[in-house]
Every structure is written in structure tokens, then in C-alpha cells.
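Student: Below is the file input.txt, with compact mmCIF, C-alpha atoms.
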# COMPACT_ATOMS: atom_id res chain seq x y z
CA MET A 789 2.59 -50.40 -0.85
CA PRO A 790 4.75 -48.26 -3.17
CA THR A 791 8.41 -49.15 -3.32
CA THR A 792 11.22 -46.75 -2.43
CA GLN A 793 11.94 -46.18 -6.11
CA GLU A 794 8.28 -45.39 -6.83
CA LYS A 795 8.23 -42.85 -3.99
CA LYS A 796 11.39 -41.27 -5.37
CA ASN A 797 9.89 -41.06 -8.86
CA ALA A 798 6.71 -39.50 -7.46
CA ASN A 799 8.72 -36.87 -5.59
CA GLN A 800 10.73 -36.03 -8.68
CA LEU A 801 7.54 -35.72 -10.72
CA GLY A 802 6.03 -33.40 -8.11
CA GLU A 803 9.13 -31.20 -8.12
CA ALA A 804 9.10 -31.05 -11.92
CA LEU A 805 5.44 -30.05 -11.97
CA ALA A 806 6.11 -27.38 -9.35
CA ARG A 807 8.94 -25.96 -11.47
CA CYS A 808 6.70 -25.95 -14.54
CA THR A 809 3.97 -24.12 -12.62
CA LEU A 810 6.48 -21.57 -11.31
CA ASN A 811 7.98 -20.99 -14.75
CA SER A 812 4.51 -20.62 -16.25
CA SER A 813 3.52 -18.02 -13.67
CA ARG A 814 6.77 -16.13 -14.29
CA LYS A 815 6.25 -15.88 -18.03
CA LEU A 816 5.72 -12.45 -19.49
CA ARG A 817 2.66 -11.85 -21.59
CA PRO A 818 3.30 -12.17 -25.33
CA PHE A 819 4.03 -9.15 -27.48
CA SER A 820 4.66 -8.86 -31.20
CA GLY A 821 4.30 -5.19 -32.09
CA SER A 822 2.21 -6.25 -35.07
CA LYS A 823 -0.41 -3.91 -36.50
CA THR A 824 -2.89 -6.76 -36.09
CA PRO A 825 -1.90 -8.30 -32.72
CA ALA A 826 -3.27 -11.61 -31.52
CA LYS A 827 -6.03 -11.67 -28.91
CA ASP A 828 -3.64 -12.70 -26.14
CA GLU A 829 -1.30 -9.75 -26.76
CA ASP A 830 -1.23 -6.35 -25.06
CA VAL A 831 -0.52 -2.98 -26.59
CA PHE A 832 3.06 -1.86 -26.03
CA ASP A 833 2.47 0.62 -23.18
CA THR A 834 0.55 -1.99 -21.21
CA TRP A 835 3.00 -4.78 -22.01
CA ILE A 836 6.15 -2.92 -21.02
CA GLU A 837 4.68 -1.70 -17.72
CA LEU A 838 3.68 -5.25 -16.80
CA ALA A 839 7.02 -6.62 -17.98
CA LYS A 840 9.00 -4.11 -15.93
CA GLY A 841 6.98 -4.97 -12.84
CA GLN A 842 7.61 -8.70 -13.25
CA LEU A 843 11.27 -8.32 -14.16
CA ASP A 844 11.94 -6.17 -11.10
CA GLU A 845 11.38 -9.32 -9.03
CA GLU A 846 14.23 -11.07 -10.86
CA GLU A 847 17.85 -10.32 -9.92
CA ASN A 848 19.61 -12.39 -12.57
CA ASP A 849 19.90 -10.32 -15.75
CA GLN A 850 20.48 -13.40 -17.87
CA GLU A 851 17.13 -14.76 -16.70
CA LYS A 852 15.51 -11.39 -17.43
CA ARG A 853 16.81 -11.43 -21.00
CA LYS A 854 15.59 -14.98 -21.45
CA ARG A 855 12.09 -14.14 -20.24
CA ILE A 856 11.90 -11.15 -22.56
CA ARG A 857 12.96 -13.21 -25.58
CA GLU A 858 10.45 -15.94 -24.74
CA ALA A 859 7.62 -13.40 -24.66
CA LEU A 860 8.38 -11.81 -28.01
CA ARG A 861 6.98 -12.65 -31.41
CA PRO A 862 7.94 -11.14 -34.77
CA PRO A 863 8.45 -8.33 -35.56
CA ALA A 864 9.37 -7.48 -31.95
CA ALA A 865 11.51 -10.63 -31.70
CA ASN A 866 13.44 -9.49 -34.76
CA ILE A 867 14.37 -6.22 -33.02
CA ILE A 868 16.05 -8.13 -30.19
CA SER A 869 17.77 -10.49 -32.64
CA ASP A 870 19.27 -7.48 -34.42
CA LEU A 871 20.32 -5.96 -31.10
CA ARG A 872 22.04 -9.17 -29.95
CA ARG A 873 23.91 -9.41 -33.23
CA ASP A 874 25.13 -5.81 -33.02
CA GLN A 875 25.61 -5.68 -29.25
CA GLN A 876 26.42 -9.06 -27.74
CA ALA A 877 26.73 -7.65 -24.22
CA ALA A 878 23.25 -6.08 -24.33
CA THR A 879 21.41 -6.13 -20.99
CA SER A 880 17.72 -6.55 -20.26
CA GLU A 881 17.48 -2.76 -20.01
CA ASP A 882 18.96 -2.54 -23.49
CA TYR A 883 16.32 -5.00 -24.70
CA LEU A 884 13.50 -2.90 -23.27
CA GLY A 885 15.10 0.29 -24.57
CA ALA A 886 15.24 -1.12 -28.09
CA LEU A 887 11.59 -2.15 -27.90
CA GLU A 888 10.67 1.29 -26.58
CA LEU A 889 12.48 2.87 -29.51
CA ALA A 890 10.70 0.62 -32.01
CA PHE A 891 7.17 0.50 -30.59
CA GLY A 892 6.87 3.21 -27.93
CA GLY A 893 5.59 6.73 -28.36
CA THR A 894 7.65 9.13 -30.43
CA GLU A 895 7.35 12.02 -27.96
CA SER A 896 10.56 13.25 -26.40
CA ALA A 897 10.95 13.64 -22.65
CA THR A 898 10.59 17.41 -23.09
CA GLU A 899 7.35 17.01 -25.02
CA LEU A 900 5.97 14.67 -22.37
CA HIS A 901 6.94 17.19 -19.68
CA VAL A 902 4.92 19.85 -21.45
CA LEU A 903 2.01 17.46 -21.97
CA PHE A 904 1.98 16.45 -18.31
CA HIS A 905 2.10 19.98 -16.91
CA SER A 906 -0.54 21.26 -19.35
CA SER A 907 -3.03 18.46 -18.71
CA HIS A 908 -6.20 19.55 -16.93
CA GLN A 909 -9.46 17.86 -16.01
CA LYS A 910 -11.84 17.73 -18.94
CA GLN A 911 -15.52 18.56 -18.63
CA GLY A 912 -17.39 15.37 -17.73
CA GLU A 913 -14.17 13.63 -16.62
CA THR A 914 -14.23 12.31 -13.05
CA PRO A 915 -11.30 13.12 -10.75
CA SER A 916 -10.21 9.46 -10.72
CA GLU A 917 -10.25 9.33 -14.53
CA TYR A 918 -8.17 12.50 -14.66
CA LEU A 919 -5.72 11.08 -12.11
CA THR A 920 -5.32 7.87 -14.12
CA ARG A 921 -4.69 9.86 -17.29
CA LEU A 922 -1.99 11.88 -15.53
CA GLN A 923 -0.34 8.72 -14.25
CA ASP A 924 -0.24 7.23 -17.75
CA ILE A 925 1.63 10.28 -19.04
CA LEU A 926 3.97 10.17 -16.06
CA ARG A 927 4.81 6.50 -16.69
CA ARG A 928 5.83 7.32 -20.24
CA LEU A 929 7.88 10.25 -18.97
CA ILE A 930 9.72 7.99 -16.52
CA ARG A 931 10.46 5.46 -19.26
CA LYS A 932 11.95 8.27 -21.36
CA GLY A 933 14.18 9.20 -18.43
CA GLY A 934 12.51 12.58 -18.06
CA VAL A 935 11.88 12.28 -14.33
CA GLU A 936 13.25 10.23 -11.46
CA LYS A 937 10.94 7.62 -9.96
CA GLU A 938 11.48 9.10 -6.50
CA LYS A 939 9.81 12.35 -7.61
CA ASN A 940 6.85 10.60 -9.22
CA ASP A 941 4.39 10.94 -6.31
CA GLY A 942 5.10 14.62 -5.67
CA LEU A 943 4.75 15.56 -9.33
CA LEU A 944 1.53 13.61 -9.68
CA LEU A 945 -0.13 15.19 -6.63
CA SER A 946 0.97 18.72 -7.54
CA GLN A 947 -0.40 18.48 -11.09
CA PHE A 948 -3.59 16.81 -9.88
CA ILE A 949 -4.23 19.74 -7.52
CA LYS A 950 -3.39 22.24 -10.25
CA GLY A 951 -5.43 20.51 -12.95
CA ILE A 952 -8.71 19.84 -11.12
CA LEU A 953 -11.22 22.27 -12.62
CA TYR A 954 -14.69 20.86 -11.88
CA ASP A 955 -14.34 19.13 -8.49
CA GLU A 956 -12.35 21.55 -6.37
CA MET A 957 -14.25 20.65 -3.19
CA LEU A 958 -12.64 17.22 -3.41
CA LEU A 959 -9.26 18.87 -2.81
CA VAL A 960 -10.66 20.50 0.32
CA ASN A 961 -12.40 17.39 1.63
CA LEU A 962 -9.27 15.26 1.21
CA GLN A 963 -6.94 18.04 2.40
CA LEU A 964 -4.64 17.30 -0.53
CA LYS A 965 -2.82 20.63 -0.44
CA GLU A 966 -1.62 19.77 3.06
CA LYS A 967 -0.14 16.50 1.75
CA VAL A 968 2.22 18.01 -0.84
CA SER A 969 5.25 17.79 1.46
CA GLN A 970 4.60 14.07 2.04
CA PRO A 971 2.62 12.96 -1.00
CA PRO A 972 0.75 9.65 -1.10
CA THR A 973 1.60 7.08 -3.74
CA TYR A 974 -0.49 6.86 -6.89
CA LEU A 975 -2.52 3.93 -5.57
CA GLN A 976 -3.08 5.59 -2.19
CA LEU A 977 -4.22 8.78 -3.88
CA LEU A 978 -6.47 6.88 -6.28
CA ARG A 979 -8.08 5.04 -3.36
CA MET A 980 -8.76 8.33 -1.54
CA VAL A 981 -10.22 9.98 -4.64
CA ARG A 982 -12.49 7.06 -5.53
CA ARG A 983 -13.83 6.82 -1.98
CA GLU A 984 -14.66 10.52 -2.02
CA GLU A 985 -16.37 10.11 -5.40
CA ALA A 986 -18.43 7.23 -4.02
CA GLU A 987 -19.49 9.27 -0.98
CA GLN A 988 -20.55 12.17 -3.18
CA MET A 989 -22.57 9.82 -5.39
CA VAL A 990 -24.43 8.50 -2.34
CA LYS A 991 -25.24 12.04 -1.21
CA MET A 992 -26.46 12.96 -4.68
CA SER A 993 -28.72 9.89 -4.80
CA HIS A 994 -30.24 10.87 -1.45
CA ARG A 995 -30.85 14.40 -2.67
CA SER A 996 -32.50 13.15 -5.86
CA VAL A 997 -34.87 10.96 -3.81
CA ASP A 998 -35.78 13.74 -1.36
CA ALA A 999 -36.34 16.41 -4.03
CA PRO A 1000 -39.67 15.04 -5.44
CA LYS A 1001 -41.05 14.68 -1.91
CA LYS A 1002 -40.21 18.29 -1.13
CA GLU A 1003 -41.75 19.48 -4.40
CA ALA A 1004 -44.95 17.50 -3.73
CA LYS A 1005 -45.22 18.93 -0.23
CA THR A 1006 -44.74 22.46 -1.54
CA PHE A 1007 -47.39 21.88 -4.22
CA HIS A 1008 -49.98 20.65 -1.72
CA GLN A 1009 -49.28 23.56 0.61
CA SER A 1010 -49.64 26.01 -2.27
CA ALA A 1011 -52.86 24.39 -3.48
CA GLY A 1012 -54.31 24.43 0.02
CA SER A 1013 -53.47 28.10 0.50
CA LYS A 1014 -55.07 28.96 -2.84
CA GLU A 1015 -58.24 27.08 -1.96
CA VAL A 1016 -58.53 28.87 1.37
CA GLY A 1017 -57.97 32.22 -0.32
CA GLU A 1018 -60.67 31.54 -2.87
CA LYS A 1019 -63.09 30.59 -0.13
CA ARG A 1020 -62.35 33.83 1.66
CA LYS A 1021 -62.96 35.85 -1.48
CA THR A 1022 -66.34 34.23 -2.17
CA PRO A 1023 -69.09 36.31 -0.51
CA THR A 1024 -71.56 34.38 1.56
CA ASN A 1025 -75.15 35.38 2.38
CA SER A 1026 -76.86 33.30 5.02
CA ARG A 1027 -80.17 35.24 4.57
CA PRO A 1028 -80.71 35.58 0.81
CA ASN A 1029 -84.35 36.93 1.02
CA PHE A 1030 -83.89 39.42 3.85
CA CYS A 1031 -84.86 43.06 3.35
CA TYR A 1032 -82.48 45.47 4.98
CA LYS A 1033 -85.07 48.32 4.66
CA CYS A 1034 -87.97 47.04 6.68
CA GLY A 1035 -86.32 44.14 8.42
CA LEU A 1036 -88.67 41.48 7.03
CA GLU A 1037 -87.87 38.42 4.96
CA GLY A 1038 -89.38 37.41 1.62
CA HIS A 1039 -88.21 40.29 -0.57
CA TYR A 1040 -85.24 42.56 -1.28
CA LYS A 1041 -84.68 46.15 -0.27
CA GLY A 1042 -85.11 47.42 -3.86
CA LYS A 1043 -88.67 46.00 -4.07
CA CYS A 1044 -89.72 46.74 -0.49
CA PRO A 1045 -93.28 48.28 -0.28
CA ASN A 1046 -92.99 48.95 3.46
CA GLU A 1047 -91.83 51.90 5.43
CA PRO A 1048 -88.31 51.79 6.76
CA ASP A 1049 -87.91 50.00 10.06
CA VAL A 1050 -86.43 52.62 12.32
Please render this file's structure as C-alpha cells.
Tutor:
Amino acid sequence: MPTTQEKKNANQLGEALARCTLNSSRKLRPFSGSKTPAKDEDVFDTWIELAKGQLDEEENDQEKRKRIREALRPPAANIISDLRRDQQAATSEDYLGALELAFGGTESATELHVLFHSSHQKQGETPSEYLTRLQDILRRLIRKGGVEKEKNDGLLLSQFIKGILYDEMLLVNLQLKEKVSQPPTYLQLLRMVRREEAEQMVKMSHRSVDAPKKEAKTFHQSAGSKEVGEKRKTPTNSRPNFCYKCGLEGHYKGKCPNEPDV
């Protein structure tokens, strides 16, 4: 039987392991900003979106700053070191802003506004792909402070409706124009669009299967009609040696030696 001290040690070990597991799951993915990033690193746009999502769950700004520093590798880590030296009271938002300045896109909020509102569906691009592309631009615009998060859904839906060029029936089927006053979130809209795409794909597959059957049926009907027509055109003579002059068989009218049968 384990002693009281052994039980206490086991409990402490379990708590320590639980804390390690929690801290590990709370770690941000690594980021360096290097031109040749390691395999476990994300590109900046992906990294900062994931980091913002994870940091939103944390209330303590000191803990946020710590988690950001732990995730960074040079040269990104050097950016934060410089910031801390120049601005000792820098917040986690300041950290992310400095990284955005160093590694984010160089477009201004105005330029991203123009890009967003001039983006249309490309030929061969599915509606869901177009929607995802719009959302990527909108995320960058939000990070630049060009639009409030509360207006995100309305802007996205309005531009999606405006920019769809090759799948306009999708707008009708999903009644998206009626949803402008109360727009769905990006994920809700994406789910709706992808379901509609899947339904259209199923219908197209059914049509492609039925088309050869219809063509084969039409071909057989046409061939049968042609055969009947040819049979009708072919003259038939059930009495090939009958003389229509004298009424006897065995010779033709042109060689008949008999008097006409009147």
C-alpha cells in the first residue's frame, strides 16, 4: 500500500503534468519571418490570424506578451527585442503591430479597400473559392484598421453578391439578397455555399449519366424510322412473271403474243 507521502507526491506529479499539457496546448505556433522558414512555421498571414484567435482567449496581457515572445525566432524575435528596448510599456497589441509592420503586406487600408471592392469571381473559380479569397482580403483590411469587425459580415456578403459572375443562380437558390439586412457570418455563409455547390454537382452527375441513355434511345428510334422508310420505298412485286395484257403468267406484257384480255 502506498504511504501518505507517496500519494501526495503522485498527486503533485499529476498536477505538474496537467500544467505542462495545458501550457503546451496554449503555445503559439513558431514564427521567424525568415525567407527560408522551418517546416513547422507558418507564413505571416496564417500565423497572425491563428495567434490572434488564441490570444483572444487570454485576459492577462502579460501572459499574452510572454506567449508571443516564446513563439518567435530570429529575425522576428529581434523585432520584439527592439520594441521592448524602445518602448518598455509595449502591450501585446504593440507586439503584433510591430510584427505586422515588419512582415505583413505593404498595402495601405485604402488600397485594401479598393482591392476588396474590385474583386470579382474569376472564370473557373468556384463560389466557395471566391468567398474564401474575399475573406482573406477582409482579414488583412481589419488588421490594418480599415474596417470594424462588427461590419465584417455585411461587407463580405454584399461584395460576394456583387462579385459573383458565373454562378448567379446560387444567389437566387440561397436567397442571399434577402439576407443583407441580417448577414450570416463567414463560416455560416461558407457552409451554405458549399452545400449548394455539392447539390449542383450531384445534379450534374445525374445529368451526365442520363445523357448517353437518351442519345442511344434517340439513335435507335432514328435508325428504326429510317429502316421502315426504306422498306416503304422499295417496290415489291408478288407476281414477277404476270402479263398485264392478256392476264396470263409466264411472260411480260412487252413480249405478249396474245390478244388483250378484255
Student: Would you kindly return, as a PDB file with C-alpha atoms, keeping the file's coordinate frame, each protein, DNA or RNA residue with an atom no farther than 9 Å from any atom of A:Glu985, considering only C-alpha atoms and excluding same-chain residues fewer than 6 positions away?
Tutor:
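Generated file (around_28.pdb):
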ATOM      1  CA  THR A 914     -14.230  12.310 -13.050  1.00  0.00           C
ATOM      2  CA  PRO A 915     -11.300  13.120 -10.750  1.00  0.00           C
ATOM      3  CA  SER A 916     -10.210   9.460 -10.720  1.00  0.00           C
ATOM      4  CA  LEU A 958     -12.640  17.220  -3.410  1.00  0.00           C
TER       5      LEU A 958
END
Student: Could you work out how far atom CA of A:Arg873 lies from atom CA of A:Ser822, giving the answer in Å with one decimal?
Tutor: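 If I compute the distance from atom CA of A:Ser822 to atom CA of A:Arg873, I get 22.0 Å.
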Student: Name all residues at most 12 Å from stretch 874-878 of chain A (count only C-alpha atoms; drop same-chain ones fewer than 5 positions away) and give them as a list of chain:residue names.
Tutor: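 Once the adjacent positions are removed, what remains is A:Asp849, A:Gln850, A:Lys852, A:Arg853, A:Ile867, A:Ile868, A:Ser869, A:Tyr883, A:Leu884, A:Gly885, A:Ala886.
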Student: Leaving out A:Leu962 and any residue of its chain fewer than 6 positions from it, which residues lie within 8 Å of it when counting all atoms listed in the file, given as an MDAnalysis selection string?
Tutor: chainID A and resid 980:981 984
Student: Provide an axis-aligned box for all listed atoms of stretch 921-935 of chain A, padding each side by 4 Å; report its centre and its edge lengths in Å to one decimal, as JSON.
Tutor:
{"center_x": 4.7, "center_y": 9.0, "center_z": -17.8, "size_x": 26.9, "size_y": 15.1, "size_z": 15.1}
Student: Can you measure atom CA of A:Thr973 to atom CA of A:Val831 for me? One decimal in Å is fine.
Tutor: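 Atom-to-atom, atom CA of A:Thr973 to atom CA of A:Val831, that is 25.1 Å.
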Student: Figure out the distance between atom CA of A:Tyr974 and atom CA of A:Glu938, please, to one decimal in Å.
Tutor: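 These atoms are spaced 12.2 Å apart.
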Student: Find the spatial neighbours of A:Gln963, counting only C-alpha atoms, within a cut-off of 12 Å - ignore same-chain residues fewer than 6 positions away - and output them as an MDAnalysis selection string.
Tutor: chainID A and resid 945 949 956:957 971:972 977 980:981 984
Student: So that I have them on file, write out the residues from the current selection with C-alpha atoms, as a PDB file, in the frame of the given file.
Tutor:
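Written file, again.pdb:
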ATOM      1  CA  LEU A 945      -0.130  15.190  -6.630  1.00  0.00           C
ATOM      2  CA  ILE A 949      -4.230  19.740  -7.520  1.00  0.00           C
ATOM      3  CA  GLU A 956     -12.350  21.550  -6.370  1.00  0.00           C
ATOM      4  CA  MET A 957     -14.250  20.650  -3.190  1.00  0.00           C
ATOM      5  CA  PRO A 971       2.620  12.960  -1.000  1.00  0.00           C
ATOM      6  CA  PRO A 972       0.750   9.650  -1.100  1.00  0.00           C
ATOM      7  CA  LEU A 977      -4.220   8.780  -3.880  1.00  0.00           C
ATOM      8  CA  MET A 980      -8.760   8.330  -1.540  1.00  0.00           C
ATOM      9  CA  VAL A 981     -10.220   9.980  -4.640  1.00  0.00           C
ATOM     10  CA  GLU A 984     -14.660  10.520  -2.020  1.00  0.00           C
TER      11      GLU A 984
END
